$ cat run.cif   # mmCIF, C-alpha atoms and all ligand atoms
data_work
#
loop_
_atom_site.group_PDB
_atom_site.id
_atom_site.type_symbol
_atom_site.label_atom_id
_atom_site.label_comp_id
_atom_site.auth_asym_id
_atom_site.auth_seq_id
_atom_site.Cartn_x
_atom_site.Cartn_y
_atom_site.Cartn_z
ATOM 1 C CA MET A 179 146.037 -8.969 140.822
ATOM 2 C CA THR A 180 149.604 -10.242 140.621
ATOM 3 C CA GLY A 181 152.347 -8.425 138.741
ATOM 4 C CA LEU A 182 152.470 -11.340 136.349
ATOM 5 C CA THR A 183 148.758 -11.073 135.561
ATOM 6 C CA GLN A 184 149.084 -7.339 135.000
ATOM 7 C CA THR A 185 151.932 -7.904 132.562
ATOM 8 C CA TYR A 186 149.902 -10.515 130.756
ATOM 9 C CA LEU A 187 146.868 -8.246 130.502
ATOM 10 C CA GLY A 188 149.172 -5.529 129.166
ATOM 11 C CA ALA A 189 150.278 -7.885 126.401
ATOM 12 C CA ILE A 190 146.680 -8.669 125.461
ATOM 13 C CA ILE A 191 145.694 -5.011 125.397
ATOM 14 C CA ALA A 192 148.757 -4.124 123.314
ATOM 15 C CA ALA A 193 147.918 -6.876 120.836
ATOM 16 C CA ARG A 194 144.382 -5.607 120.459
ATOM 17 C CA ASP A 195 145.555 -2.041 120.010
ATOM 18 C CA CYS A 196 147.875 -3.160 117.226
ATOM 19 C CA GLU A 197 144.895 -4.404 115.296
ATOM 20 C CA LEU A 198 143.233 -1.021 115.556
ATOM 21 C CA GLY A 199 145.794 0.358 113.107
ATOM 22 C CA TRP A 200 148.567 1.791 115.182
ATOM 23 C CA PRO A 201 151.641 2.852 113.172
ATOM 24 C CA LEU A 202 154.420 0.290 112.945
ATOM 25 C CA GLU A 203 156.695 2.032 115.430
ATOM 26 C CA HIS A 204 153.894 1.975 117.984
ATOM 27 C CA ILE A 205 153.323 -1.688 117.280
ATOM 28 C CA ASN A 206 156.996 -2.322 117.947
ATOM 29 C CA MET A 207 156.816 -0.234 121.113
ATOM 30 C CA ALA A 208 153.716 -2.134 122.126
ATOM 31 C CA LEU A 209 155.448 -5.461 121.736
ATOM 32 C CA VAL A 210 154.909 -6.495 125.300
ATOM 33 C CA PHE A 211 156.397 -9.598 126.713
ATOM 34 C CA PHE A 212 154.535 -11.958 128.910
ATOM 35 C CA LYS A 213 157.092 -13.649 131.081
ATOM 36 C CA ALA A 214 156.404 -16.400 133.514
ATOM 37 C CA GLN A 215 158.676 -18.834 135.188
ATOM 38 C CA ASN A 216 158.242 -22.359 133.979
ATOM 39 C CA ALA A 217 158.412 -24.028 137.354
ATOM 40 C CA LYS A 218 159.845 -27.287 136.068
ATOM 41 C CA LYS A 219 162.415 -25.988 133.602
ATOM 42 C CA GLY A 220 163.147 -22.522 134.909
ATOM 43 C CA ASN A 221 162.676 -21.143 131.373
ATOM 44 C CA ALA A 222 160.986 -17.804 130.737
ATOM 45 C CA ILE A 223 157.821 -18.055 128.641
ATOM 46 C CA VAL A 224 157.765 -15.197 126.152
ATOM 47 C CA ILE A 225 154.612 -14.426 124.164
ATOM 48 C CA THR A 226 154.608 -11.419 121.813
ATOM 49 C CA SER A 227 151.637 -9.611 120.297
ATOM 50 C CA LEU A 228 152.423 -11.322 116.983
ATOM 51 C CA ASP A 229 152.363 -14.689 118.757
ATOM 52 C CA LEU A 230 148.904 -13.844 120.120
ATOM 53 C CA LYS A 231 147.668 -13.019 116.615
ATOM 54 C CA HIS A 232 148.910 -16.377 115.280
ATOM 55 C CA LEU A 233 147.447 -18.249 118.259
ATOM 56 C CA ARG A 234 144.064 -16.641 117.642
ATOM 57 C CA ARG A 235 144.171 -18.017 114.078
ATOM 58 C CA CYS A 236 144.836 -21.478 115.562
ATOM 59 C CA ILE A 237 141.744 -21.119 117.726
ATOM 60 C CA GLN A 238 139.702 -20.132 114.647
ATOM 61 C CA LEU A 239 140.918 -23.339 112.975
ATOM 62 C CA ALA A 240 139.959 -25.312 116.099
ATOM 63 C CA GLU A 241 136.470 -23.775 115.861
ATOM 64 C CA MET A 242 136.284 -24.854 112.206
ATOM 65 C CA ALA A 243 137.156 -28.414 113.249
ATOM 66 C CA LEU A 244 134.428 -28.321 115.890
ATOM 67 C CA GLN A 245 131.876 -27.088 113.353
ATOM 68 C CA LYS A 246 132.776 -30.092 111.178
ATOM 69 C CA GLY A 247 132.206 -32.449 114.110
ATOM 70 C CA ASP A 248 135.895 -32.932 114.854
ATOM 71 C CA GLN A 249 137.922 -32.368 117.993
ATOM 72 C CA PRO A 250 138.808 -28.680 118.343
ATOM 73 C CA PHE A 251 142.516 -28.429 117.557
ATOM 74 C CA GLY A 252 144.104 -26.058 115.032
ATOM 75 C CA SER A 253 147.698 -25.204 114.082
ATOM 76 C CA ILE A 254 149.711 -23.060 111.687
ATOM 77 C CA LEU A 255 153.277 -23.129 110.355
ATOM 78 C CA VAL A 256 155.002 -19.735 110.127
ATOM 79 C CA SER A 257 158.279 -19.002 108.313
ATOM 80 C CA ALA A 258 161.210 -17.066 109.790
ATOM 81 C CA ASP A 259 159.929 -13.871 108.124
ATOM 82 C CA GLY A 260 156.421 -14.262 109.513
ATOM 83 C CA GLU A 261 154.597 -15.744 106.530
ATOM 84 C CA ILE A 262 151.902 -18.343 107.265
ATOM 85 C CA LEU A 263 153.032 -21.256 105.093
ATOM 86 C CA ALA A 264 150.409 -23.864 105.986
ATOM 87 C CA GLU A 265 147.548 -24.399 108.399
ATOM 88 C CA ASP A 266 145.344 -27.296 109.385
ATOM 89 C CA HIS A 267 142.912 -28.583 111.995
ATOM 90 C CA ASN A 268 142.097 -31.973 113.495
ATOM 91 C CA ARG A 269 140.600 -34.526 111.093
ATOM 92 C CA VAL A 270 140.112 -37.570 113.302
ATOM 93 C CA ALA A 271 136.314 -37.803 113.072
ATOM 94 C CA GLY A 272 136.634 -40.390 110.277
ATOM 95 C CA GLY A 273 138.388 -42.764 112.678
ATOM 96 C CA ASP A 274 142.076 -42.129 111.817
ATOM 97 C CA HIS A 275 143.464 -40.715 115.049
ATOM 98 C CA THR A 276 146.819 -39.814 113.503
ATOM 99 C CA GLN A 277 145.207 -36.943 111.565
ATOM 100 C CA HIS A 278 146.407 -34.184 113.883
ATOM 101 C CA PRO A 279 147.265 -30.736 112.448
ATOM 102 C CA GLU A 280 150.767 -30.612 113.948
ATOM 103 C CA PHE A 281 151.590 -33.968 112.348
ATOM 104 C CA ALA A 282 150.276 -32.749 108.972
ATOM 105 C CA LEU A 283 152.356 -29.548 109.268
ATOM 106 C CA ALA A 284 155.522 -31.504 110.089
ATOM 107 C CA ARG A 285 155.053 -33.631 106.985
ATOM 108 C CA TRP A 286 154.271 -30.549 104.888
ATOM 109 C CA ALA A 287 157.489 -28.947 106.165
ATOM 110 C CA ALA A 288 159.540 -32.036 105.308
ATOM 111 C CA ALA A 289 158.160 -32.039 101.771
ATOM 112 C CA ASN A 290 158.375 -28.298 101.085
ATOM 113 C CA MET A 291 161.131 -26.674 103.175
ATOM 114 C CA THR A 292 164.907 -26.939 103.444
ATOM 115 C CA PRO A 293 166.364 -28.116 106.756
ATOM 116 C CA GLU A 294 167.486 -24.536 107.526
ATOM 117 C CA GLU A 295 164.024 -23.097 106.741
ATOM 118 C CA ARG A 296 162.419 -25.675 109.030
ATOM 119 C CA LYS A 297 164.812 -24.827 111.843
ATOM 120 C CA GLN A 298 163.863 -21.140 111.609
ATOM 121 C CA ALA A 299 160.091 -21.798 111.376
ATOM 122 C CA THR A 300 157.571 -21.667 114.236
ATOM 123 C CA VAL A 301 154.549 -23.901 114.779
ATOM 124 C CA TYR A 302 151.618 -22.268 116.592
ATOM 125 C CA THR A 303 148.893 -24.487 117.946
ATOM 126 C CA SER A 304 145.715 -24.258 119.999
ATOM 127 C CA GLY A 305 146.802 -27.183 122.179
ATOM 128 C CA GLU A 306 150.259 -28.479 123.073
ATOM 129 C CA HIS A 307 151.569 -31.203 120.751
ATOM 130 C CA CYS A 308 150.790 -34.805 121.669
ATOM 131 C CA PRO A 309 153.828 -37.154 121.772
ATOM 132 C CA MET A 310 153.215 -38.305 118.167
ATOM 133 C CA CYS A 311 153.211 -34.744 116.855
ATOM 134 C CA ALA A 312 156.091 -33.640 119.081
ATOM 135 C CA ALA A 313 158.155 -36.536 117.709
ATOM 136 C CA ALA A 314 157.249 -35.617 114.114
ATOM 137 C CA HIS A 315 158.203 -31.985 114.857
ATOM 138 C CA GLY A 316 161.546 -33.167 116.211
ATOM 139 C CA TRP A 317 162.256 -35.647 113.417
ATOM 140 C CA VAL A 318 161.766 -33.039 110.669
ATOM 141 C CA GLY A 319 163.824 -30.451 112.587
ATOM 142 C CA LEU A 320 161.252 -27.682 113.004
ATOM 143 C CA GLY A 321 161.944 -24.736 115.324
ATOM 144 C CA ARG A 322 159.981 -23.026 118.060
ATOM 145 C CA ILE A 323 156.544 -24.170 119.278
ATOM 146 C CA VAL A 324 153.952 -21.806 120.780
ATOM 147 C CA TYR A 325 150.729 -23.199 122.236
ATOM 148 C CA ALA A 326 147.609 -21.605 123.722
ATOM 149 C CA SER A 327 146.754 -24.452 126.111
ATOM 150 C CA SER A 328 148.906 -27.211 127.587
ATOM 151 C CA SER A 329 148.487 -30.987 127.597
ATOM 152 C CA GLU A 330 148.343 -30.789 131.383
ATOM 153 C CA GLN A 331 145.327 -28.468 131.097
ATOM 154 C CA LEU A 332 143.657 -30.793 128.584
ATOM 155 C CA VAL A 333 144.051 -33.760 130.935
ATOM 156 C CA ARG A 334 142.453 -31.729 133.734
ATOM 157 C CA TRP A 335 139.565 -30.539 131.531
ATOM 158 C CA LEU A 336 138.816 -34.084 130.310
ATOM 159 C CA ALA A 337 138.757 -35.339 133.897
ATOM 160 C CA GLU A 338 136.398 -32.500 134.874
ATOM 161 C CA MET A 339 134.085 -33.520 132.009
ATOM 162 C CA ASP A 340 134.243 -37.215 133.002
ATOM 163 C CA VAL A 341 135.927 -38.083 129.724
ATOM 164 C CA GLY A 342 138.408 -40.948 130.043
ATOM 165 C CA PRO A 343 142.112 -40.287 129.351
ATOM 166 C CA SER A 344 143.438 -40.834 125.831
ATOM 167 C CA ARG A 345 145.336 -44.050 125.115
ATOM 168 C CA VAL A 346 148.483 -42.076 124.261
ATOM 169 C CA ARG A 347 149.866 -40.334 127.329
ATOM 170 C CA ASN A 348 149.749 -36.527 127.382
ATOM 171 C CA LEU A 349 153.455 -35.927 127.928
ATOM 172 C CA PRO A 350 154.850 -32.385 127.820
ATOM 173 C CA ILE A 351 156.777 -31.653 124.597
ATOM 174 C CA HIS A 352 160.052 -31.420 126.517
ATOM 175 C CA GLU A 353 159.690 -35.037 127.589
ATOM 176 C CA VAL A 354 159.518 -36.127 123.944
ATOM 177 C CA ILE A 355 161.978 -33.900 122.046
ATOM 178 C CA ARG A 356 165.181 -32.008 122.883
ATOM 179 C CA ASP A 357 166.496 -28.586 121.958
ATOM 180 C CA THR A 358 163.168 -27.011 121.031
ATOM 181 C CA ARG A 359 162.022 -23.674 122.395
ATOM 182 C CA VAL A 360 158.452 -24.038 123.657
ATOM 183 C CA ASP A 361 156.242 -21.175 124.892
ATOM 184 C CA GLY A 362 152.794 -21.488 126.475
ATOM 185 C CA PRO A 363 150.187 -21.703 127.783
ATOM 186 C CA VAL A 364 148.472 -18.304 127.435
ATOM 187 C CA PRO A 365 145.731 -18.123 130.104
ATOM 188 C CA GLU A 366 143.095 -16.056 128.272
ATOM 189 C CA LEU A 367 143.388 -18.091 125.076
ATOM 190 C CA ALA A 368 143.518 -21.370 126.991
ATOM 191 C CA GLU A 369 140.106 -20.505 128.418
ATOM 192 C CA GLN A 370 138.750 -20.130 124.880
ATOM 193 C CA VAL A 371 140.174 -23.560 124.005
ATOM 194 C CA ARG A 372 138.602 -25.050 127.141
ATOM 195 C CA ARG A 373 135.187 -23.783 126.061
ATOM 196 C CA LEU A 374 135.600 -25.429 122.637
ATOM 197 C CA HIS A 375 136.365 -28.773 124.275
ATOM 198 C CA LEU A 376 133.363 -28.366 126.576
ATOM 199 C CA GLU A 377 131.166 -27.805 123.527
ATOM 200 C CA PHE A 378 132.661 -30.785 121.671
ATOM 201 C CA TYR A 379 131.899 -33.222 124.480
ATOM 202 C CA ALA A 380 128.506 -31.633 125.224
ATOM 203 C CA ARG A 381 127.520 -32.288 121.584
ATOM 204 C CA LYS A 382 128.581 -35.923 121.870
ATOM 205 C CA ARG A 383 126.280 -36.536 124.826
HETATM 206 ZN ZN ZN B 1 149.091 -34.874 117.946
#

$ encode --input "run.cif" --output "structure tokens"
Amino acid sequence: MTGLTQTYLGAIIAARDCELGWPLEHINMALVFFKAQNAKKGNAIVITSLDLKHLRRCIQLAEMALQKGDQPFGSILVSADGEILAEDHNRVAGGDHTQHPEFALARWAAANMTPEERKQATVYTSGEHCPMCAAAHGWVGLGRIVYASSSEQLVRWLAEMDVGPSRVRNLPIHEVIRDTRVDGPVPELAEQVRRLHLEFYARKR
């Protein structure tokens, strides 16, 4: 096991322990950072136990989408003080392929938040933003993005399942928007997302 994997497992265990009712000071002490070197950008990826909790909610939303016959993607918008302001999941089953949760959250933010509030907010999502959603995120001036699984992983999974690539290229967020802190993927959660996609395409066959 690599040092990196051990650190990551430590973060997962700490997050679980927090949910078992540890006092606040222990939760703060247990705030373990998962750091990895982003090979392309040289940026450290930092995932806290609170991030993991929010990402797990995104995966629940992705499961809800799947149960409704939609592609399994889910996202939430969290304010600077940690309040979940809005959440959504994919709604493309009706044929409108712009109905992604990250796009809906960007529009919600534009309608309901000041520019400063948007800048301080974080969007959590089960899968990295597509270029349309990354652009919407950038245009409305939202802050940090945290994702469980990357677009690169999705492309690989679709190829493994013999599903053709999407018409819109799966570019990394950093190739679409500037000046946005992006953290992810998180290996254990990405595996959960992969299983949801497997189930989605298995149902279609
Ligand atoms: Zn999208």

$ closest_residue --input "run.cif" --among "A:Ala282, A:Ala289, A:Ile225, A:Val301" --to "ligand ZN 1 (chain B)" --atoms "all atoms listed in the file"
A:Ala282

$ closest_residue --input "run.cif" --among "A:Pro250, A:Gly342, A:Gly321, A:Pro279" --to "Gln370 (chain A)" --atoms "all atoms listed in the file"
A:Pro250

$ closest_residue --input "run.cif" --among "A:Met242, A:Ile355, A:Leu349, A:Ala380" --to "Gly319 (chain A)" --atoms "only C-alpha atoms"
A:Ile355

$ resolve_selection --input "run.cif" --expression "the PyMOL selection byres (((chain A and resi 287) around 12) and not hetatm)" --output "MDAnalysis selection string"
chainID A and resid 254:257 263:265 280:286 288:301 314:321

$ write_last_selection --input "run.cif" --atoms "C-alpha atoms" --output "compact mmCIF listing (two decimals), in the coordinates of the input"
# COMPACT_ATOMS: atom_id res chain seq x y z
CA ILE A 254 149.71 -23.06 111.69
CA LEU A 255 153.28 -23.13 110.36
CA VAL A 256 155.00 -19.74 110.13
CA SER A 257 158.28 -19.00 108.31
CA LEU A 263 153.03 -21.26 105.09
CA ALA A 264 150.41 -23.86 105.99
CA GLU A 265 147.55 -24.40 108.40
CA GLU A 280 150.77 -30.61 113.95
CA PHE A 281 151.59 -33.97 112.35
CA ALA A 282 150.28 -32.75 108.97
CA LEU A 283 152.36 -29.55 109.27
CA ALA A 284 155.52 -31.50 110.09
CA ARG A 285 155.05 -33.63 106.98
CA TRP A 286 154.27 -30.55 104.89
CA ALA A 288 159.54 -32.04 105.31
CA ALA A 289 158.16 -32.04 101.77
CA ASN A 290 158.38 -28.30 101.08
CA MET A 291 161.13 -26.67 103.18
CA THR A 292 164.91 -26.94 103.44
CA PRO A 293 166.36 -28.12 106.76
CA GLU A 294 167.49 -24.54 107.53
CA GLU A 295 164.02 -23.10 106.74
CA ARG A 296 162.42 -25.68 109.03
CA LYS A 297 164.81 -24.83 111.84
CA GLN A 298 163.86 -21.14 111.61
CA ALA A 299 160.09 -21.80 111.38
CA THR A 300 157.57 -21.67 114.24
CA VAL A 301 154.55 -23.90 114.78
CA ALA A 314 157.25 -35.62 114.11
CA HIS A 315 158.20 -31.98 114.86
CA GLY A 316 161.55 -33.17 116.21
CA TRP A 317 162.26 -35.65 113.42
CA VAL A 318 161.77 -33.04 110.67
CA GLY A 319 163.82 -30.45 112.59
CA LEU A 320 161.25 -27.68 113.00
CA GLY A 321 161.94 -24.74 115.32

$ atom_distance --input "run.cif" --atom1 "CA of Ser227 (chain A)" --atom2 "CA of Leu374 (chain A)"
22.6 Å

$ atom_distance --input "run.cif" --atom1 "CA of Lys246 (chain A)" --atom2 "CA of Leu233 (chain A)"
20.1 Å

$ closest_residue --input "run.cif" --among "A:Leu228, A:Arg347, A:Gln245, A:Ala240" --to "Asp259 (chain A)" --atoms "all atoms listed in the file"
A:Leu228

$ closest_residue --input "run.cif" --among "A:Gln249, A:Ser329, A:Gln277, A:Thr358" --to "Ala313 (chain A)" --atoms "all atoms listed in the file"
A:Thr358

$ closest_residue --input "run.cif" --among "A:Arg359, A:Arg373, A:His267, A:Arg322" --to "ligand ZN 1 (chain B)" --atoms "only C-alpha atoms and all ligand atoms"
A:His267

$ resolve_selection --input "run.cif" --expression "the PyMOL selection byres (((not hetatm)) within 6 of (chain B and resi 1))" --output "PyMOL selection string"
chain A and resi 278+307-308+310-311

$ decode --input "run.cif" --residues "region 284-302 of chain A" --atoms "N, CA and C atoms" --output "tab-separated table (two decimals), in the first residue's frame"
chain	number	residue	atom	x	y	z
A	284	ALA	N	-25.99	26.21	-11.47
A	284	ALA	CA	-25.40	27.49	-11.89
A	284	ALA	C	-26.50	28.52	-12.13
A	285	ARG	N	-27.57	28.10	-12.77
A	285	ARG	CA	-28.67	29.02	-13.04
A	285	ARG	C	-29.39	29.40	-11.76
A	286	TRP	N	-29.53	28.44	-10.83
A	286	TRP	CA	-30.14	28.73	-9.54
A	286	TRP	C	-29.29	29.78	-8.82
A	287	ALA	N	-27.98	29.60	-8.85
A	287	ALA	CA	-27.07	30.53	-8.17
A	287	ALA	C	-27.18	31.93	-8.77
A	288	ALA	N	-27.28	32.01	-10.09
A	288	ALA	CA	-27.38	33.33	-10.73
A	288	ALA	C	-28.67	34.04	-10.32
A	289	ALA	N	-29.72	33.26	-10.12
A	289	ALA	CA	-31.02	33.85	-9.79
A	289	ALA	C	-31.17	34.18	-8.31
A	290	ASN	N	-30.40	33.49	-7.45
A	290	ASN	CA	-30.67	33.59	-6.01
A	290	ASN	C	-29.49	34.05	-5.15
A	291	MET	N	-28.32	34.25	-5.71
A	291	MET	CA	-27.16	34.60	-4.89
A	291	MET	C	-26.48	35.85	-5.43
A	292	THR	N	-25.82	36.60	-4.52
A	292	THR	CA	-25.03	37.75	-4.97
A	292	THR	C	-23.73	37.23	-5.59
A	293	PRO	N	-23.07	38.08	-6.38
A	293	PRO	CA	-21.79	37.64	-6.96
A	293	PRO	C	-20.80	37.18	-5.90
A	294	GLU	N	-20.74	37.86	-4.75
A	294	GLU	CA	-19.80	37.49	-3.70
A	294	GLU	C	-20.17	36.13	-3.10
A	295	GLU	N	-21.48	35.91	-2.88
A	295	GLU	CA	-21.93	34.62	-2.33
A	295	GLU	C	-21.59	33.48	-3.29
A	296	ARG	N	-21.74	33.73	-4.57
A	296	ARG	CA	-21.43	32.68	-5.56
A	296	ARG	C	-19.94	32.34	-5.54
A	297	LYS	N	-19.13	33.39	-5.43
A	297	LYS	CA	-17.68	33.20	-5.42
A	297	LYS	C	-17.23	32.33	-4.24
A	298	GLN	N	-17.93	32.47	-3.11
A	298	GLN	CA	-17.56	31.74	-1.89
A	298	GLN	C	-18.19	30.34	-1.84
A	299	ALA	N	-19.12	30.04	-2.74
A	299	ALA	CA	-19.85	28.77	-2.70
A	299	ALA	C	-19.04	27.65	-3.35
A	300	THR	N	-19.41	26.41	-3.00
A	300	THR	CA	-18.77	25.22	-3.58
A	300	THR	C	-19.81	24.35	-4.25
A	301	VAL	N	-19.50	23.82	-5.41
A	301	VAL	CA	-20.37	22.84	-6.07
A	301	VAL	C	-19.72	21.47	-5.94
A	302	TYR	N	-20.46	20.54	-5.34
A	302	TYR	CA	-20.04	19.14	-5.23
A	302	TYR	C	-20.80	18.35	-6.29
